[in-house]
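Have a look at model_30.cif; it's mmCIF, C-alpha atoms:
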data_work
loop_
_atom_site.label_atom_id
_atom_site.label_comp_id
_atom_site.auth_asym_id
_atom_site.auth_seq_id
_atom_site.Cartn_x
_atom_site.Cartn_y
_atom_site.Cartn_z
CA THR N 1270 -18.62 14.98 -4.79
CA MET N 1271 -21.61 16.98 -6.04
CA ALA N 1272 -24.13 14.84 -4.14
CA GLY N 1273 -22.08 15.14 -0.95
CA GLU N 1274 -21.85 18.93 -1.31
CA LYS N 1275 -25.60 19.17 -2.03
CA ALA N 1276 -26.21 17.17 1.15
CA GLY N 1277 -24.28 19.86 3.04
CA LEU N 1278 -21.26 17.67 3.93
CA ASN N 1279 -18.73 20.51 3.38
CA ASP N 1280 -19.59 21.77 6.86
CA ASP N 1281 -19.99 18.29 8.43
CA LYS N 1282 -17.95 17.78 11.62
CA GLU N 1283 -16.60 14.33 10.55
CA VAL N 1284 -15.57 15.65 7.11
CA LYS N 1285 -13.77 18.61 8.69
CA GLU N 1286 -11.93 16.30 11.15
CA ARG N 1287 -10.86 13.95 8.36
CA VAL N 1288 -9.67 16.87 6.17
CA ALA N 1289 -7.69 18.28 9.12
CA ALA N 1290 -6.12 14.85 9.83
CA MET N 1291 -5.22 14.46 6.14
CA LYS N 1292 -3.71 17.96 6.11
CA ARG N 1293 -1.58 17.18 9.20
CA ARG N 1294 -0.33 14.00 7.54
CA ILE N 1295 0.55 15.79 4.30
CA VAL N 1296 2.34 18.57 6.21
CA ALA N 1297 4.32 16.01 8.25
CA GLU N 1298 5.27 13.95 5.17
CA THR N 1299 6.29 17.06 3.22
CA TYR N 1300 8.40 18.23 6.16
CA LEU N 1301 10.14 14.83 6.39
CA ASP N 1302 10.68 14.62 2.62
CA ARG N 1303 12.26 18.09 2.53
CA GLN N 1304 14.50 17.35 5.54
CA ILE N 1305 15.61 14.07 3.96
CA ASP N 1306 16.30 15.84 0.64
CA LYS N 1307 18.63 18.22 2.50
CA ILE N 1308 20.57 15.26 3.95
CA VAL N 1309 20.55 12.73 1.09
CA THR N 1310 22.16 14.93 -1.57
CA GLU N 1311 24.17 13.91 -4.61
CA ASP N 1312 27.38 14.95 -2.81
CA ALA N 1313 26.44 12.97 0.30
CA LEU N 1314 25.71 9.91 -1.85
CA LYS N 1315 29.08 10.24 -3.61
CA LYS N 1316 30.84 10.57 -0.26
CA ARG N 1317 29.06 7.44 1.03
CA TYR N 1318 30.08 5.58 -2.15
CA GLU N 1319 33.74 6.59 -1.67
CA GLU N 1320 33.61 5.30 1.93
CA PHE N 1321 32.09 2.05 0.67
CA VAL N 1322 34.88 1.60 -1.89
CA LYS N 1323 37.57 2.32 0.74
CA THR N 1324 36.15 -0.07 3.33
CA ASN N 1325 34.97 -2.98 1.13
CA GLU N 1326 37.37 -5.21 -0.72
CA PRO N 1327 36.04 -6.26 -4.11
CA GLU N 1328 35.35 -10.00 -4.07
CA ASN N 1329 37.30 -12.25 -6.38
CA GLU N 1330 35.32 -14.80 -8.35
CA VAL N 1331 35.94 -18.31 -9.59
CA HIS N 1332 34.30 -20.05 -12.55
CA ALA N 1333 34.13 -23.74 -11.74
CA ARG N 1334 32.48 -27.01 -12.65
CA HIS N 1335 31.82 -29.82 -10.24
CA ILE N 1336 30.75 -33.43 -10.16
CA LEU N 1337 28.70 -34.28 -7.08
CA LEU N 1338 28.78 -37.90 -5.90
CA LYS N 1339 27.26 -39.85 -3.03
CA THR N 1340 30.41 -41.52 -1.70
CA GLU N 1341 34.10 -40.76 -1.36
CA ASP N 1342 34.91 -43.92 -3.33
CA ASP N 1343 32.70 -42.75 -6.24
CA ALA N 1344 34.54 -39.42 -6.18
CA LYS N 1345 37.95 -41.12 -6.13
CA ALA N 1346 36.90 -43.28 -9.10
CA VAL N 1347 35.95 -40.12 -11.05
CA ILE N 1348 39.33 -38.51 -10.21
CA LYS N 1349 41.04 -41.65 -11.54
CA GLU N 1350 39.05 -41.36 -14.81
CA LEU N 1351 40.10 -37.68 -15.06
CA ASP N 1352 43.73 -38.69 -14.44
CA ASP N 1353 43.34 -41.13 -17.34
CA GLY N 1354 42.23 -38.27 -19.62
CA ALA N 1355 38.42 -38.34 -19.36
CA ASP N 1356 36.53 -35.13 -20.21
CA PHE N 1357 35.30 -33.34 -17.07
CA ALA N 1358 32.06 -31.98 -18.56
CA GLU N 1359 31.15 -35.37 -20.06
CA LEU N 1360 31.78 -37.13 -16.73
CA ALA N 1361 29.63 -34.52 -14.97
CA LYS N 1362 26.74 -35.18 -17.39
CA GLU N 1363 27.11 -38.91 -16.89
CA LYS N 1364 27.79 -39.21 -13.16
CA SER N 1365 26.97 -36.02 -11.21
CA THR N 1366 23.98 -36.24 -8.85
CA GLY N 1367 23.83 -32.42 -8.64
CA PRO N 1368 21.41 -30.17 -10.59
CA SER N 1369 24.31 -28.77 -12.66
CA GLY N 1370 25.18 -32.25 -13.99
CA PRO N 1371 23.23 -32.01 -17.26
CA ASN N 1372 25.15 -28.86 -18.26
CA GLY N 1373 28.55 -30.39 -17.57
CA GLY N 1374 28.64 -29.44 -13.90
CA ASP N 1375 29.01 -25.74 -14.82
CA LEU N 1376 28.44 -23.42 -11.85
CA GLY N 1377 29.44 -20.21 -13.64
CA PHE N 1378 31.23 -17.48 -11.70
CA PHE N 1379 30.71 -17.22 -7.93
CA THR N 1380 32.20 -15.43 -4.94
CA HIS N 1381 33.52 -17.23 -1.86
CA GLU N 1382 30.36 -16.29 0.09
CA GLN N 1383 28.01 -17.83 -2.47
CA MET N 1384 29.20 -21.40 -1.87
CA VAL N 1385 29.39 -23.60 1.22
CA PRO N 1386 32.75 -22.95 2.99
CA GLU N 1387 34.41 -26.33 2.28
CA PHE N 1388 33.61 -26.07 -1.42
CA ALA N 1389 34.65 -22.40 -1.68
CA ASP N 1390 37.89 -22.93 0.26
CA ALA N 1391 38.92 -25.70 -2.13
CA ALA N 1392 37.88 -23.90 -5.33
CA PHE N 1393 39.56 -20.61 -4.40
CA LYS N 1394 42.91 -22.36 -3.75
CA MET N 1395 42.97 -24.04 -7.17
CA GLU N 1396 44.62 -22.82 -10.36
CA PRO N 1397 42.52 -22.37 -13.53
CA GLY N 1398 42.51 -25.54 -15.65
CA THR N 1399 43.07 -27.88 -12.68
CA TYR N 1400 40.73 -30.29 -10.91
CA SER N 1401 40.73 -31.42 -7.29
CA LYS N 1402 43.04 -34.40 -6.71
CA GLU N 1403 41.14 -35.29 -3.52
CA PRO N 1404 37.34 -35.37 -3.13
CA VAL N 1405 35.87 -32.36 -1.30
CA LYS N 1406 33.22 -33.23 1.31
CA THR N 1407 30.25 -30.92 2.00
CA GLN N 1408 26.76 -31.45 3.43
CA PHE N 1409 25.63 -32.29 -0.14
CA GLY N 1410 28.07 -35.15 -0.70
CA TRP N 1411 31.50 -35.54 -2.30
CA HIS N 1412 32.66 -33.11 -4.98
CA VAL N 1413 35.27 -33.22 -7.66
CA ILE N 1414 35.91 -29.61 -8.66
CA LYS N 1415 37.44 -28.16 -11.81
CA VAL N 1416 38.35 -24.47 -11.89
CA GLU N 1417 37.89 -22.97 -15.36
CA GLU N 1418 39.01 -19.40 -14.63
CA THR N 1419 39.36 -16.79 -11.91
CA LYS N 1420 38.37 -13.14 -12.04
CA LYS N 1421 39.66 -10.25 -9.94
CA GLY N 1422 36.85 -8.66 -8.01
CA GLU N 1423 35.64 -5.27 -9.18
CA GLN N 1424 33.89 -2.59 -7.19
CA PRO N 1425 30.33 -1.86 -8.28
CA THR N 1426 30.05 1.51 -10.04
CA PHE N 1427 28.45 4.48 -8.31
CA GLU N 1428 25.37 4.03 -10.52
CA GLU N 1429 25.07 0.33 -9.61
CA LYS N 1430 25.34 1.12 -5.90
CA ARG N 1431 23.37 4.40 -5.91
CA GLN N 1432 19.89 3.05 -5.11
CA GLU N 1433 21.12 0.90 -2.22
CA LEU N 1434 23.13 3.78 -0.72
CA ALA N 1435 20.22 6.23 -1.13
CA ALA N 1436 17.85 3.81 0.65
CA GLU N 1437 20.36 3.29 3.47
CA MET N 1438 20.95 7.03 3.91
CA THR N 1439 17.22 7.87 3.72
CA GLN N 1440 16.51 5.34 6.46
CA GLU N 1441 19.25 6.81 8.66
CA ALA N 1442 18.09 10.39 7.98
CA TYR N 1443 14.49 9.48 8.80
CA LYS N 1444 15.49 7.91 12.13
CA LYS N 1445 17.65 10.90 13.02
CA ILE N 1446 14.92 13.46 12.15
CA ILE N 1447 12.34 11.56 14.22
CA ALA N 1448 14.77 11.23 17.16
CA ASP N 1449 15.60 14.96 16.97
CA LEU N 1450 11.90 15.86 16.94
CA ARG N 1451 11.26 13.78 20.03
#
Taking this structure as input, can you express it in the form of structure tokens?
Amino acid sequence: TMAGEKAGLNDDKEVKERVAAMKRRIVAETYLDRQIDKIVTEDALKKRYEEFVKTNEPENEVHARHILLKTEDDAKAVIKELDDGADFAELAKEKSTGPSGPNGGDLGFFTHEQMVPEFADAAFKMEPGTYSKEPVKTQFGWHVIKVEETKKGEQPTFEEKRQELAAEMTQEAYKKIIADLR
């Protein structure tokens, strides 16, 4: 800075233009930030959260295991072994071609949306502790599914949802402010 000042750049035309441009930008950003802060308040966020809770059903979840096989006949053979008392997790380790095979076919908890429709439809109809009596076909092959447990969906808390809602509202406020200015 000192060298630039010694060289007389404080009064340089280019420096003055760049300072003025920077000042305009800072003024515009500060204006936008303050307008957004007036719109995206704690109360507004809470109101948005309440609307979210009213209009979004919490998603139920299922904890399942599966054994993925290449053919329907392979899947039927596995169902027969299960009918004869074989252990599901052991069969999954032994026979499943899916990546979850080594850990007993365990898929953990999932919502309907997280699985391919055919698989989800079957799993969500089953009772905990039961396995599919017919193979379930998807694009990945033939599945034998065992449902371990089901969980009622819960709404995310305000704190869990806060950041997402704030981002959404900020975006909307920004667009509205710009549109109003135009």
Worksheet entry | Long-range neighbours of segment 1366-1372 of chain N as a list in words, 12 Å cut-off, all atoms listed in the file, 3 positions minimum in chain | Ala1333, Arg1334, His1335, Ile1336, Leu1337, Leu1338, Lys1339, Thr1340, Asp1343, Ala1344, Phe1357, Ala1358, Glu1359, Leu1360, Ala1361, Lys1362, Glu1363, Asp1375, Leu1376, Gly1377, Phe1409, Gly1410, Trp1411, His1412 and Val1413 of chain N
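Minimum atom-to-atom distances from N:Arg1294, N:Pro1327, N:Thr1407, N:Ile1305 to Lys1444 of chain N were compared using only C-alpha atoms, and the lowest value belongs to N:Ile1305.
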Discussion item. Give me, as an MDAnalysis selection string, all polymer residues having an atom no more than 10 Å from segment 1393-1402 of chain N, counting all atoms listed in the file and skipping those fewer than 5 positions away in the same chain.
Written reply: chainID N and resid 1329:1335 1344:1345 1348:1349 1351:1352 1357 1380:1381 1388 1412:1419
Worksheet entry | Residues returned when the PyMOL selection byres ((chain N and resi 1431) around 12) runs on this file, as a VMD selection string | chain N and resid 1309 to 1319 1321 1425 to 1430 1432 to 1439
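We find atom CA of Ala1346 of chain N and atom CA of Phe1378 of chain N to be spaced 26.5 Å apart.
Between atom CA of Asp1342 of chain N and atom CA of Pro1404 of chain N there is a distance of 8.9 Å.
Between atom CA of Tyr1443 of chain N and atom CA of Val1296 of chain N there is a distance of 15.4 Å.
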Worksheet item: For the file shown, what are the residues hit by the PyMOL selection byres ((chain N and resi 1447) around 12), laid out as a ChimeraX atom specification?
Response: /N:1297-1298,1300-1301,1304-1305,1440-1446,1448-1451
Dump as a short mmCIF file (atom, residue, chain, number, x, y, z; two decimals), in the coordinates of the input, selection limited to C-alpha atoms:
data_model
loop_
_atom_site.label_atom_id
_atom_site.label_comp_id
_atom_site.auth_asym_id
_atom_site.auth_seq_id
_atom_site.Cartn_x
_atom_site.Cartn_y
_atom_site.Cartn_z
CA ALA N 1297 4.32 16.01 8.25
CA GLU N 1298 5.27 13.95 5.17
CA TYR N 1300 8.40 18.23 6.16
CA LEU N 1301 10.14 14.83 6.39
CA GLN N 1304 14.50 17.35 5.54
CA ILE N 1305 15.61 14.07 3.96
CA GLN N 1440 16.51 5.34 6.46
CA GLU N 1441 19.25 6.81 8.66
CA ALA N 1442 18.09 10.39 7.98
CA TYR N 1443 14.49 9.48 8.80
CA LYS N 1444 15.49 7.91 12.13
CA LYS N 1445 17.65 10.90 13.02
CA ILE N 1446 14.92 13.46 12.15
CA ALA N 1448 14.77 11.23 17.16
CA ASP N 1449 15.60 14.96 16.97
CA LEU N 1450 11.90 15.86 16.94
CA ARG N 1451 11.26 13.78 20.03
#
